[in-house]
Structures are given as C-alpha cells and as structure tokens.
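Asker: Quick one: the structure is below, questions incoming.
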Amino acid sequence: MNDLLGRFVSRRRQGGRRPDGAPRAAIGPAAAGALLTLIVVAAGAFASFLIAAEMDDTARAAWRDQAAVEAARLTEFTTLSLAQAEAGLRVVAGGFSPERVLPSERFQREARRILYRYRSVRFESVAVARRFAAGARAKAEAALSRALSPIGLPAAEGRDPDLDGYAVTMTLYRDDLLPVGSDLASHSALARAADAAYLAPGQVALSSAFEGRAERGRPERLAAFAARVENGEASSVLIGVFDIGAFLREVLATAAPDGLVLRLSEQARGPDGGERTTALIGGSAPPPDTAATFTHVQPFGETTWRFQWDLLPAYQGGPGLDLGRAVRFGGPLVFALIALSLGLMLFTNRQVAERVRVRTQELARALEAAEVANRTKSEFLANMSHELRTPLNAVIGFSEVLEQELARRADAGEFVDYAHDIKVSGRHLLSLINDILDLSKAEAGRLELNESPAQIRTVIDGAVRLVRERAHTAGLTLEVKAAEGLPLLLCDERRVKQILLNLLSNAIKFTDRGGLISLAATRAENGDLILTVRDTGRGMTAEEIPVALSKFGQLDRTHARRADGTGLGLPLAVNLLELHGGRLSIDSAPGVGTSVHAVFPASRLGAVEAMFHRREG
C-alpha cells in the first residue's frame, strides 16, 4: 500500500496538463493521507450502520422468539391448571356409588377437602343435579318437596321443557348460583354441559362461557365442568362453576411477565346450533403498540379457547438494541482511529523499509563472513586432524614401547609410571580430538553414515566387549538384556557402537564400586527400537540433565577429572542418533541412578524388512 500510494503521489506530481493546457496540481503525501483517511472513515461509517441494522434485526428476532416461547409456556400452564381442576372434580365424582346414596353433609365435607387439594381453579359453586325424564318433572318436584325454579343467571336461555331436566339436590359454596331446587335445563350452557357429561360416563365436559352476576360494574364470565355420577339409583351430574376472569387473572399474576398481554376468545356452538365467537378476556383487536401476536388454540370438547398473546414494548424492557447502538455510533470513531493509525503506519513504513534494507545488507555481509569463518574452521579442523593425530599416534606408540621396555628393568623405578601416564594422556587427547571432529562434522551436516543391515545383538556385544574389562576393574557388574527376535537395524554399525560406548563409558565413570550397569534392547509398541543404558550411580537432578547434554558440560568438575571425562560423549551421541532419525532421552534422580534411552525409529527396522521383501519378490 505504501508503494502504491508513493507511485500515485509521484504520478500526480509529474502530472501532465489539464484539458485547457494548465498544469495539474500535485497532490502531496499529506493530502493523499487525508484522502485515504476520509475514504476509510466513510466506508467504516457505512459498514457500521449496516452492521448495526443487522444486529438490531437479530436482537428484535431473538426478543420475539423469547416472547413466543413464553406465550406457549403460559398457554400450557393455563391448560394444565384447568386439567388439574378437572382432575379434582373427577376425584369428587369417584366418591359416588350406585349402591348407596351420598348424604349432603358428607358430600359437602368430602368435596371441600378434595377441591382444596386441587385448588388450581377456585370453584364458585359445586352442585349435584339429579336427572329426570321429560314427563317426570312433577315426581322430581315431589322428591324435593318444592317446585323446580330456573337458574337465576342473566341470559339464561333454557331449552324445551318437554326434554329431560336436571334438578339440583345438593350444593356447595355459593347458593345463589346453583341453589337446591333449581333446574340446570333452564340454562342453555349448563344444560349442554350436563347432557355431554351424561352421555359420556367417565368423561368431564366443559361448558361454553356464560355471564354471571354483575360485580364492580362488570358481569362475571363463568364456565362449568360437568361429570356423570350415580348417586344410589339416581343418575345425576356433578357440576362445578368457576369464574374464568378470576382464574386467568390469578394465572397471569403468578406466571405472566410484564409486556405479554392475553386476549382470550371462545368458539362454541350457540343455542341455535351455529358457531359463535365470544371475547372472554380483552377485546378483539390488539393494543396499538403491539409488536407481535402469538396465537394458540386449545380445544375443550365442543368448546375451543383461542389464546392471543400480544407482545408489548415493556416485555423484558424491549429488545436489546444497546449493542447495535454502540456499533452505530462507535464504529465511525473506531474506523477514524484505524485510519489515523494507517496513516501513521504508512509514514513509518518507509523508515522501517529503509532500515530493513540496510540491515539486510549488513546481515548478508555477516552471513558471508560466517560462511568464510565456517570454511576456515573446517580447514583448520582438517589440518588439526592431520597435524595432531600423526604425532599423537607416535607418542602413544613410543610410550607403549617405553613402558614395556622399562617394565623389564629392575632399576626403572618411577619411569614406568611416567611412560604409562604418557600413553594414557595421549590416548585421552586423541579421543578428545576425534570427538571434537565428529561433533563438528555432525553439526555441519558433513558426517555421512555408512548404512547397512546390522544385527542388534552383534552391535551390543561388540560395544560391551570393549568396556567389560574397564567395568570389571572398576568393581562394577555389567548386564546385557536383549529381547528375542529383534529384526535387523538399518544403521551405521560403527556409529551405533560409538553411541553405546559413549553411554556405557559415562555409566562406568559415574558409578561407584559395587554398582550395577545394564544394557537392554527392547521394541516399543509403535515399533521403535529402544537401547537403554541404566546405572546405579550418583544420578542427576532435572536441572543438571540439560548441562550434561551440552558440549563440554561437566556436573562435578572434581569427579569428572577423576573419571577422565571430556564432556562430549552425550552431545555426540545425540547428534549421531539424530543422523539416524532417532532421539535420546534421560531419566535420572540423585542417589538413585540414571537411565539413558537411545531410540531408533521403526522405519529403520521396517526398511530392512521391505528390502528383503523386494529381493524375494
């Protein structure tokens, strides 16, 4: 972007001319930066308003969805409350029997106790009405010792008096609703509910809504449950009247949140047999500020209640638009800051680019110098190998001759020890030079492996044979445990033996007399080959292990000199293992001992098997 802006500014400076021949005005970096800032701010403001609008729509949808779930829950809660009242009436009906007549006192006592337990709906009146045939009205009045009267409710449209009737014989709670001696057939809604219950034994029928007495300037809105009972030899109906408005007001006060308003209407068959819709709660139209209406229809036999829940802005304080509002007004500010930051970045980018260019040149020169130094080091190591090994071999050879010759003389005295010290020191120096050369080649990637299939046990025996005498002289026990049936390993046999020699030598150096050293060869579950050297020596802490793995790393200088250590054995073993694609790990604890695991990948064993399979094929 910096280069693009630079080319744009350069072209504008070089310009050309306008169509009228006048030179074009050049746009400097400041003007270009201001233009870029303006574009970014404008684009950010536009994007902020789009994102905020989307967030507002999402918040409103989530708000409506939550209200819809709440409306469904409230409808189900209301239905369950009615079902509980129906169950209570059914239990009361279960107290009647065709074998005996239930006395009025006992009926009132038992019904009051049962309905108190099932008090989800508060019944205004509960009555038992004995059914009589159309021609038996006089007989029914004689049994009650009174003339049957109509139900004293407004708009009590009765039915044909030539049809069957229902004489109230027992009543509970309000006597003015269903008084003893009244005829349910005188009220169309109660008559239809009683007929439905009588024709369906064991079922509870719900009547259509009807008006009660006017209280506080408004009439009651009532409904009734009816169930057939056999009170001795008399077929009767048990009927319970409840106030729909009081019932729903109690439900809404208990469970309905603010902002969710109910409009309840009823669809039922009228006296003329036609369908009619009656508003029970609320009007037919929603409030003016309604955001949504959720409708649920619940049938109750021949009557259907239509629940309409109007969602108002007060529900949950309205949809959560705060985040969208913050994005709408905070977005442009954020983009303005981004634009300013971008301008600053463009300004500093040139300086950084120039510094990077200069630093790259310096690093290139340093890399070239390092490569020259590396070549010089390699040449020096090669010359040192030739210049030091040749005289060292001569020193070692002549010291051996001197040691043997002086050993035959009785007057040699301490000269034999001197010759022996020269031989040992020379061998130590030669070993150190060899390790340094091998480690340098391995780190430089110039150490090549001479790979071939090798028997694991053969390699182990070769390494153990070279250190067994040293272990015996140190008073140590050396054990070898190799699993049976180990496959061939594709490796540089001399280098693997060198790894084992380094690990065994370290174990011998740092294990006191009487200790145990073991070398085990096993195969892991994933097919890797694991060579483990374990000792009972001094051990190491977790902090000392990285030191032991570093070049020339010696944990105990005094003990290292006594043990003739160079500090290159473990680092060289790590490099040789990595050349084979393997790895080295150490488990150690002070006073317990050390276990070193040389792991060769399973592919080096599988490669040998694949090689033989190809040959056989």
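Identifiers in the structure tokens: chain A, B, ... in order shown; residue index from 1 per chain; ligand index from 1 in order shown.
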Write out as a PyMOL selection string each polymer residue whose atoms come within 9 Å of stretch 196-203 of chain A, counting only C-alpha atoms; drop sequence neighbours fewer than 2 positions from it.

Answerer: chain A and resi 90+131+191-194+205-206+225-229+235-238

Asker: Find the residues near A:Leu311: any atom within 10 Å, counting only C-alpha atoms, skip ones fewer than 5 places away on the same chain, and give them as a ChimeraX atom specification.

Answerer: /A:63-64,67-68,71,258-262,286-287,289-294,318

Asker: From a backbone DSSP assignment, name each residue in stretch 245-360 of chain A labelled alpha helix (DSSP H), as an MDAnalysis selection string.

Answerer: chainID A and resid 245:255 322:360

Asker: Stretch 197-295 of chain A near stretch 74-83 of chain A within 8 Å: what's each residue's closest atom pair and its distance in Å to one decimal, counting only C-alpha atoms, ordered by chain then ascending residue number, as JSON lines?

Answerer:
```
{"residue": "A:Leu248", "atom": "CA", "partner": "A:Thr78", "partner_atom": "CA", "distance": 7.7}
{"residue": "A:Val251", "atom": "CA", "partner": "A:Thr78", "partner_atom": "CA", "distance": 6.9}
{"residue": "A:Ala255", "atom": "CA", "partner": "A:Leu74", "partner_atom": "CA", "distance": 7.1}
{"residue": "A:Ala256", "atom": "CA", "partner": "A:Leu74", "partner_atom": "CA", "distance": 6.9}
```

Asker: Residues as selected, C-alpha atoms, written as a PDB file, in the first residue's frame, can you do that?

Answerer:
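Saved to part34.pdb:
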```pdb
ATOM      1  CA  LEU A 248     -56.974 -16.138  34.388  1.00  0.00           C
ATOM      2  CA  VAL A 251     -52.660 -17.290  36.462  1.00  0.00           C
ATOM      3  CA  ALA A 255     -46.734 -16.601  35.823  1.00  0.00           C
ATOM      4  CA  ALA A 256     -47.102 -13.910  33.132  1.00  0.00           C
TER       5      ALA A 256
END
```

Asker: Please list as a ChimeraX atom specification every residue within 10 Å of stretch 144-152 of chain A, counting only C-alpha atoms and excluding residues in the same chain fewer than 4 positions away.

Answerer: /A:137-140,156-158,165-169,176-187,190,212-213

Asker: Distance atom CA of A:Ala279-atom CA of A:Gln267, one decimal place?

Answerer: 9.1 Å

Asker: Give me, as a PyMOL selection string, all polymer residues having an atom no more than 7 Å from A:Lys481, counting only C-alpha atoms and skipping those fewer than 5 positions away in the same chain.

Answerer: chain A and resi 519-521

Asker: For the selection you just gave me, I'd like the residues written to a file as a PDB file, in the first residue's frame, keeping N, CA, C and O atoms.

Answerer:
```
ATOM      1  N   LEU A 519      22.543 -52.983  30.059  1.00  0.00           N
ATOM      2  CA  LEU A 519      22.245 -52.537  28.703  1.00  0.00           C
ATOM      3  C   LEU A 519      21.112 -53.414  28.181  1.00  0.00           C
ATOM      4  O   LEU A 519      21.254 -54.639  28.106  1.00  0.00           O
ATOM      5  N   ALA A 520      19.970 -52.790  27.844  1.00  0.00           N
ATOM      6  CA  ALA A 520      18.791 -53.535  27.405  1.00  0.00           C
ATOM      7  C   ALA A 520      18.382 -53.060  26.023  1.00  0.00           C
ATOM      8  O   ALA A 520      18.528 -51.884  25.681  1.00  0.00           O
ATOM      9  N   ALA A 521      17.877 -54.013  25.211  1.00  0.00           N
ATOM     10  CA  ALA A 521      17.359 -53.718  23.874  1.00  0.00           C
ATOM     11  C   ALA A 521      15.930 -54.236  23.804  1.00  0.00           C
ATOM     12  O   ALA A 521      15.685 -55.425  23.965  1.00  0.00           O
TER      13      ALA A 521
END
```

Asker: Near A:Asp322, counting only C-alpha atoms, which residues have an atom at most 10 Å away, once you skip same-chain residues fewer than 4 positions from it, shown as a short mmCIF file (atom, residue, chain, number, x, y, z; two decimals) with all heavy atoms, in the first residue's frame?

Answerer:
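Final file, result09.cif:
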```cif
data_model
loop_
_atom_site.label_atom_id
_atom_site.label_comp_id
_atom_site.auth_asym_id
_atom_site.auth_seq_id
_atom_site.Cartn_x
_atom_site.Cartn_y
_atom_site.Cartn_z
N ALA A 52 -24.93 -2.46 12.38
CA ALA A 52 -25.83 -2.12 13.49
C ALA A 52 -27.28 -2.48 13.15
O ALA A 52 -28.03 -2.99 13.99
CB ALA A 52 -25.72 -0.64 13.83
N MET A 55 -27.63 -6.16 13.48
CA MET A 55 -27.65 -6.53 14.90
C MET A 55 -28.99 -6.19 15.54
O MET A 55 -29.51 -6.96 16.37
CB MET A 55 -26.50 -5.84 15.64
CG MET A 55 -25.12 -6.29 15.19
SD MET A 55 -23.80 -5.35 15.97
CE MET A 55 -23.92 -5.95 17.65
N ASP A 56 -29.58 -5.05 15.15
CA ASP A 56 -30.90 -4.68 15.68
C ASP A 56 -31.96 -5.70 15.25
O ASP A 56 -32.81 -6.10 16.05
CB ASP A 56 -31.29 -3.28 15.21
CG ASP A 56 -30.46 -2.19 15.89
OD1 ASP A 56 -29.78 -2.52 16.88
OD2 ASP A 56 -30.48 -1.04 15.42
N ALA A 59 -31.50 -8.80 17.28
CA ALA A 59 -31.97 -8.62 18.66
C ALA A 59 -33.49 -8.65 18.72
O ALA A 59 -34.08 -9.25 19.63
CB ALA A 59 -31.43 -7.31 19.22
N ALA A 326 -24.33 1.01 20.06
CA ALA A 326 -22.90 1.25 20.28
C ALA A 326 -22.11 1.10 18.99
O ALA A 326 -21.20 1.89 18.70
CB ALA A 326 -22.37 0.30 21.35
N VAL A 327 -22.47 0.08 18.19
CA VAL A 327 -21.78 -0.10 16.91
C VAL A 327 -22.09 1.05 15.96
O VAL A 327 -21.21 1.54 15.23
CB VAL A 327 -22.19 -1.46 16.29
CG1 VAL A 327 -21.66 -1.58 14.87
CG2 VAL A 327 -21.68 -2.60 17.14
N ARG A 328 -23.34 1.50 15.97
CA ARG A 328 -23.74 2.56 15.04
C ARG A 328 -22.99 3.87 15.30
O ARG A 328 -22.59 4.56 14.37
CB ARG A 328 -25.26 2.78 15.16
CG ARG A 328 -25.81 3.80 14.16
CD ARG A 328 -27.33 3.90 14.28
NE ARG A 328 -27.96 2.70 13.75
CZ ARG A 328 -28.52 1.75 14.49
NH1 ARG A 328 -28.52 1.86 15.82
NH2 ARG A 328 -29.09 0.71 13.94
#
```

Asker: List the spatial neighbours of stretch 487-497 of chain A as a list of chain:residue names - criterion: any atom at most 8 Å away, only C-alpha atoms, same-chain residues fewer than 3 positions off excluded.

Answerer: A:Leu449, A:Asn450, A:Glu451, A:Ser452, A:Pro453, A:Ala454, A:Gln455, A:Ile456, A:Val459, A:Ile460, A:Gly462, A:Ala463, A:Leu500, A:Leu501, A:Leu576, A:His580, A:Arg604, A:Leu605, A:Ala607, A:Val608, A:Glu609

Asker: Neighbours of A:Asp164 within 6 Å (only C-alpha atoms; same-chain residues fewer than 2 positions away dropped), as a list in words?

Answerer: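 The neighbour list is Phe132, Ala133 and Ala134 of chain A.
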
Asker: Can you measure atom CA of A:Arg109 to atom CA of A:Glu124 for me? One decimal in Å is fine.

Answerer: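 Atom CA of A:Glu124 lies at a distance of 15.9 Å from atom CA of A:Arg109.
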
Asker: How many Å lie between atom CA of A:Val358 and atom CA of A:Ala373, rounded to one decimal?

Answerer: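 It comes out at 22.6 Å.
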
Asker: Could you pull out the residues in stretch 434-540 of chain A that DSSP calls strand (DSSP E or B) from the backbone, as a ChimeraX atom specification?

Answerer: /A:452-454,477-482,489-491,516-523,529-535

Asker: Nearest residue to A:Gly240 out of A:Ser120, A:Ser125, A:Gln361, A:Thr348, using only C-alpha atoms?

Answerer: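 The closest residue to A:Gly240 is A:Ser125.
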